[in-house]
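> For reference, the structure I am asking about is given below.
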Amino acid sequence: MEFSLTGFSTGANHTVPEEVKVLILGAGPSGLAAALYAARAELSPLVLTGLSLGGQASTTHLIENYPGFPEGVGGAELGELFQKQAERFGARFEFDSAIGVDFSSRPFRVKSFSREFLAETVILATGASPNHLNIPGEKELTGKGVSYCATCDGWFFKGKRVAVVGGGDSALEEALFLTRYADSVTIIHRRDALRAGAILQSRALSNPKIQFIWNTVVAEIKGEKAVESLVLKNVQTGEETNYPTDGIFIFIGNKPNTEIYRGQLEMDERGYVIANQLMETSVPGVFAAGEVSDAIFRQVITSAGMGAAAAIQAGRFLEHMEG
């Protein structure tokens, strides 16, 4: 038996693995929706939530495009509502993370930090993580002015100057949120046009606290004990300038959290799990939902829909195997 994590061995833990019909890895919108649908189908799903409930959506201050909330809803609040609804029908949640899997035979074997599971079906909903710039100073000053979550850290920049890197929806949403605290927000984008939706662009371009630096990348983050300035490089001229700032928020996309599935499932060149329109992966009985397999839409509503579909298909798979 081979596992995708070195040292994953049943001999290291003598407790009897727990048997479950549907094991859901991750508790973002896709995992939570899968839990609801599987629970209503009386499949007694177990969710390993990972490090946080709600996934990346939980770090968003206000979600305005999820149906049913005309005034918008906080990301963390939406995750809690999802959880309560799923628990009402019998879903179980454990604040634990999968660290190794074996999909070579059924029941599938999954190891978490605390124990092991034997699952008849598995739904992968581990989402994605923010990309890093991978430049000098970024790692050293993370938590000292370098951030990937405006909702988490915006309060610390009251009355200060901050920079936001990116040009998509997330970058503009977080930049607008930061104007609640910072005196000025400068959006740095490597192109000369934004990729965000029209409404967000209009809000950002008309906000007096937001400025833009176009055709520019951040080459280095400088500071002794905290962020003090950025080295900016114009991608057209190659010219470098020093830009003083108190903080930098980075929103340049995400990478799927699929490392523990490598060698077990088919993936594309970027690491996304390949799944068909029925959420089926290359291993029958293993389904993928949300940003582990979606590099295109990456919205709360689409991830939730994929999670629901994955749970429906897991139920059908179990019926077929039992029948």
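Chain labels A, B, ... are given in the sequence in which chains occur in the structure tokens; within each chain residues are numbered consecutively from 1, and ligands are likewise numbered from 1 in the order shown.
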Need to verify the contact set: Pro130 (chain A), 9 Å, only C-alpha atoms, exclusion of same-chain residues closer than 5 positions in sequence. Can you return it as a ChimeraX atom specification?

/A:56,148,250-256

> Please identify all polymer residues within 7 Å of Arg190 (chain A), counting only C-alpha atoms, omitting same-chain residues fewer than 4 positions from it, and present them as a count of residues only.

4

> Report the residues of region 40-213 of chain A whose backbone DSSP state falls under alpha helix (DSSP H), written as a ChimeraX atom specification.

/A:40,75-88,150-153,169-178,198-206

> Those residues you just picked out, can you put them in a file as a PDB file, in the first residue's frame with C-alpha atoms?


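Below is the file that was written, result36.pdb:
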ATOM      1  CA  ARG A  40     -30.228  15.019   3.514  1.00  0.00           C
ATOM      2  CA  GLY A  75     -18.007  35.247   4.468  1.00  0.00           C
ATOM      3  CA  ALA A  76     -17.555  33.807   7.952  1.00  0.00           C
ATOM      4  CA  GLU A  77     -21.270  34.179   8.695  1.00  0.00           C
ATOM      5  CA  LEU A  78     -22.208  32.351   5.495  1.00  0.00           C
ATOM      6  CA  GLY A  79     -19.917  29.470   6.420  1.00  0.00           C
ATOM      7  CA  GLU A  80     -21.522  29.181   9.849  1.00  0.00           C
ATOM      8  CA  LEU A  81     -24.993  29.145   8.295  1.00  0.00           C
ATOM      9  CA  PHE A  82     -23.937  26.404   5.887  1.00  0.00           C
ATOM     10  CA  GLN A  83     -22.580  24.355   8.781  1.00  0.00           C
ATOM     11  CA  LYS A  84     -25.723  24.713  10.931  1.00  0.00           C
ATOM     12  CA  GLN A  85     -27.927  23.690   8.026  1.00  0.00           C
ATOM     13  CA  ALA A  86     -25.836  20.602   7.286  1.00  0.00           C
ATOM     14  CA  GLU A  87     -25.667  19.622  10.970  1.00  0.00           C
ATOM     15  CA  ARG A  88     -29.443  19.876  11.204  1.00  0.00           C
ATOM     16  CA  ALA A 150      -7.524  42.395   4.208  1.00  0.00           C
ATOM     17  CA  THR A 151     -10.399  41.250   6.401  1.00  0.00           C
ATOM     18  CA  CYS A 152      -7.933  39.706   8.835  1.00  0.00           C
ATOM     19  CA  ASP A 153      -5.381  42.507   8.961  1.00  0.00           C
ATOM     20  CA  ASP A 169     -12.106  40.725  -8.294  1.00  0.00           C
ATOM     21  CA  SER A 170     -10.358  39.756  -5.077  1.00  0.00           C
ATOM     22  CA  ALA A 171      -7.790  42.544  -5.345  1.00  0.00           C
ATOM     23  CA  LEU A 172     -10.431  45.224  -5.876  1.00  0.00           C
ATOM     24  CA  GLU A 173     -12.803  43.851  -3.234  1.00  0.00           C
ATOM     25  CA  GLU A 174     -10.035  43.868  -0.654  1.00  0.00           C
ATOM     26  CA  ALA A 175      -8.761  47.273  -1.756  1.00  0.00           C
ATOM     27  CA  LEU A 176     -12.225  48.755  -1.281  1.00  0.00           C
ATOM     28  CA  PHE A 177     -12.458  47.126   2.135  1.00  0.00           C
ATOM     29  CA  LEU A 178      -9.079  48.565   3.139  1.00  0.00           C
ATOM     30  CA  ALA A 198     -17.378  46.163 -14.179  1.00  0.00           C
ATOM     31  CA  ILE A 199     -19.102  47.107 -10.901  1.00  0.00           C
ATOM     32  CA  LEU A 200     -15.949  46.606  -8.845  1.00  0.00           C
ATOM     33  CA  GLN A 201     -13.898  48.560 -11.369  1.00  0.00           C
ATOM     34  CA  SER A 202     -16.337  51.451 -11.219  1.00  0.00           C
ATOM     35  CA  ARG A 203     -16.255  51.516  -7.419  1.00  0.00           C
ATOM     36  CA  ALA A 204     -12.478  51.365  -7.227  1.00  0.00           C
ATOM     37  CA  LEU A 205     -11.837  53.928  -9.963  1.00  0.00           C
ATOM     38  CA  SER A 206     -14.230  56.404  -8.350  1.00  0.00           C
TER      39      SER A 206
END

> Determine, counting only C-alpha atoms, which protein, DNA and RNA residues have an atom within 9 Å of an atom of Tyr181 (chain A); residues of the same chain fewer than 5 positions away are not included. Present the result as a PDB file with C-alpha atoms, in the first residue's frame.


ATOM      1  CA  GLY A 154      -6.979  45.699   7.649  1.00  0.00           C
ATOM      2  CA  TRP A 155      -7.674  47.050  11.139  1.00  0.00           C
ATOM      3  CA  PHE A 156      -3.941  47.229  11.876  1.00  0.00           C
ATOM      4  CA  PHE A 157      -3.467  49.833   9.137  1.00  0.00           C
ATOM      5  CA  LYS A 158      -5.702  52.592  10.462  1.00  0.00           C
ATOM      6  CA  GLY A 159      -4.478  55.922   9.164  1.00  0.00           C
ATOM      7  CA  LYS A 160      -1.658  54.343   7.158  1.00  0.00           C
TER       8      LYS A 160
END

> Find the distance between CA of Gln299 (chain A) and CA of Gly166 (chain A) and write it in Å to one decimal.

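So the two atoms, CA of Gln299 (chain A) and CA of Gly166 (chain A), lie 17.3 Å apart.
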
> Got a sec to tell me which of region 239-317 of chain A DSSP assigns to strand (DSSP E or B), as a ChimeraX atom specification?

/A:240-244,247-250,254-256,267,273,280,286-288

> What separation in Å, quoted to one decimal, exists between CA of Val16 (chain A) and CA of Ser112 (chain A)?

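CA of Ser112 (chain A) lies 13.4 Å from CA of Val16 (chain A).
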
> A:Lys111, A:Lys21, A:His61, A:Arg191: which is nearest Glu42 (chain A), counting only C-alpha atoms?

A:Lys21

> As an exercise, work out the distance from CA of Ile187 (chain A) to CA of Asp246 (chain A) in Å and give it to one decimal place.

13.8 Å

> Contacts of Pro45 (chain A) at 8 Å or less, counting only C-alpha atoms, minus same-chain residues fewer than 2 places along, as a list of chain:residue names?

A:Val20, A:Lys21, A:Val22, A:Leu23, A:Ile24, A:Ala35, A:Ala38, A:Ala39, A:Leu43, A:Val47, A:Gly90, A:Ala91, A:Arg92

> Those selected residues, please, written with C-alpha atoms and delivered as a JSON list (two decimals), in the first residue's frame.


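Final file, part01.json:
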[["chain", "number", "residue", "atom", "x", "y", "z"],
["A", 20, "VAL", "CA", -17.70, 6.26, 6.81],
["A", 21, "LYS", "CA", -19.89, 6.29, 3.72],
["A", 22, "VAL", "CA", -19.02, 9.81, 2.60],
["A", 23, "LEU", "CA", -15.85, 11.55, 3.76],
["A", 24, "ILE", "CA", -15.58, 15.21, 2.77],
["A", 35, "ALA", "CA", -22.25, 17.94, 3.53],
["A", 38, "ALA", "CA", -25.15, 14.07, 1.62],
["A", 39, "ALA", "CA", -26.77, 14.53, 5.02],
["A", 43, "LEU", "CA", -25.45, 9.21, 4.03],
["A", 47, "VAL", "CA", -16.34, 16.61, 7.14],
["A", 90, "GLY", "CA", -26.91, 14.86, 10.55],
["A", 91, "ALA", "CA", -23.61, 15.96, 9.03],
["A", 92, "ARG", "CA", -20.63, 15.74, 11.39]]

> Taking 5 positions as the minimum chain separation for residues in the same chain, which residues sit within 7 Å of Leu230 (chain A) when counting only C-alpha atoms? Answer as a list of chain:residue names.

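Once the adjacent positions are removed, what remains is A:Val218, A:Glu220, A:Ile221, A:Lys222, A:Asn242, A:Tyr243, A:Pro244.
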
> Between A:Asp102, A:Ala219, A:Gly290, A:Ala310, which one has atoms that come closest to Glu240 (chain A), using only C-alpha atoms?

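Nearest to Glu240 (chain A): A:Ala219.
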
> Determine the nearest neighbour of Leu124 (chain A) from the options A:Val185, A:Val146, A:Val101, A:Leu36, counting only C-alpha atoms.

A:Val101

> Which is closest to Gly143 (chain A) among A:Met306, A:Ala226, A:Ile188, A:Met267, if we use only C-alpha atoms?

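Closest residue, counting only C-alpha atoms: A:Ala226.
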
> Tell me which of A:Glu228, A:Glu19, A:Glu280, A:Glu239 sits closest to Lys144 (chain A), counting only C-alpha atoms.

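Checking each of A:Glu228, A:Glu19, A:Glu280, A:Glu239 against Lys144 (chain A), counting only C-alpha atoms, the winner is A:Glu228.
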
> Find the residue from A:Gly26, A:Glu224, A:Ile260, A:Leu32 that sits nearest to Glu140 (chain A); use only C-alpha atoms when measuring.

A:Glu224

> List the neighbours of Arg270 (chain A) out to 12 Å using only C-alpha atoms; skip same-chain residues closer than 4 positions along the sequence, and give me the result as a count of residues only.

14
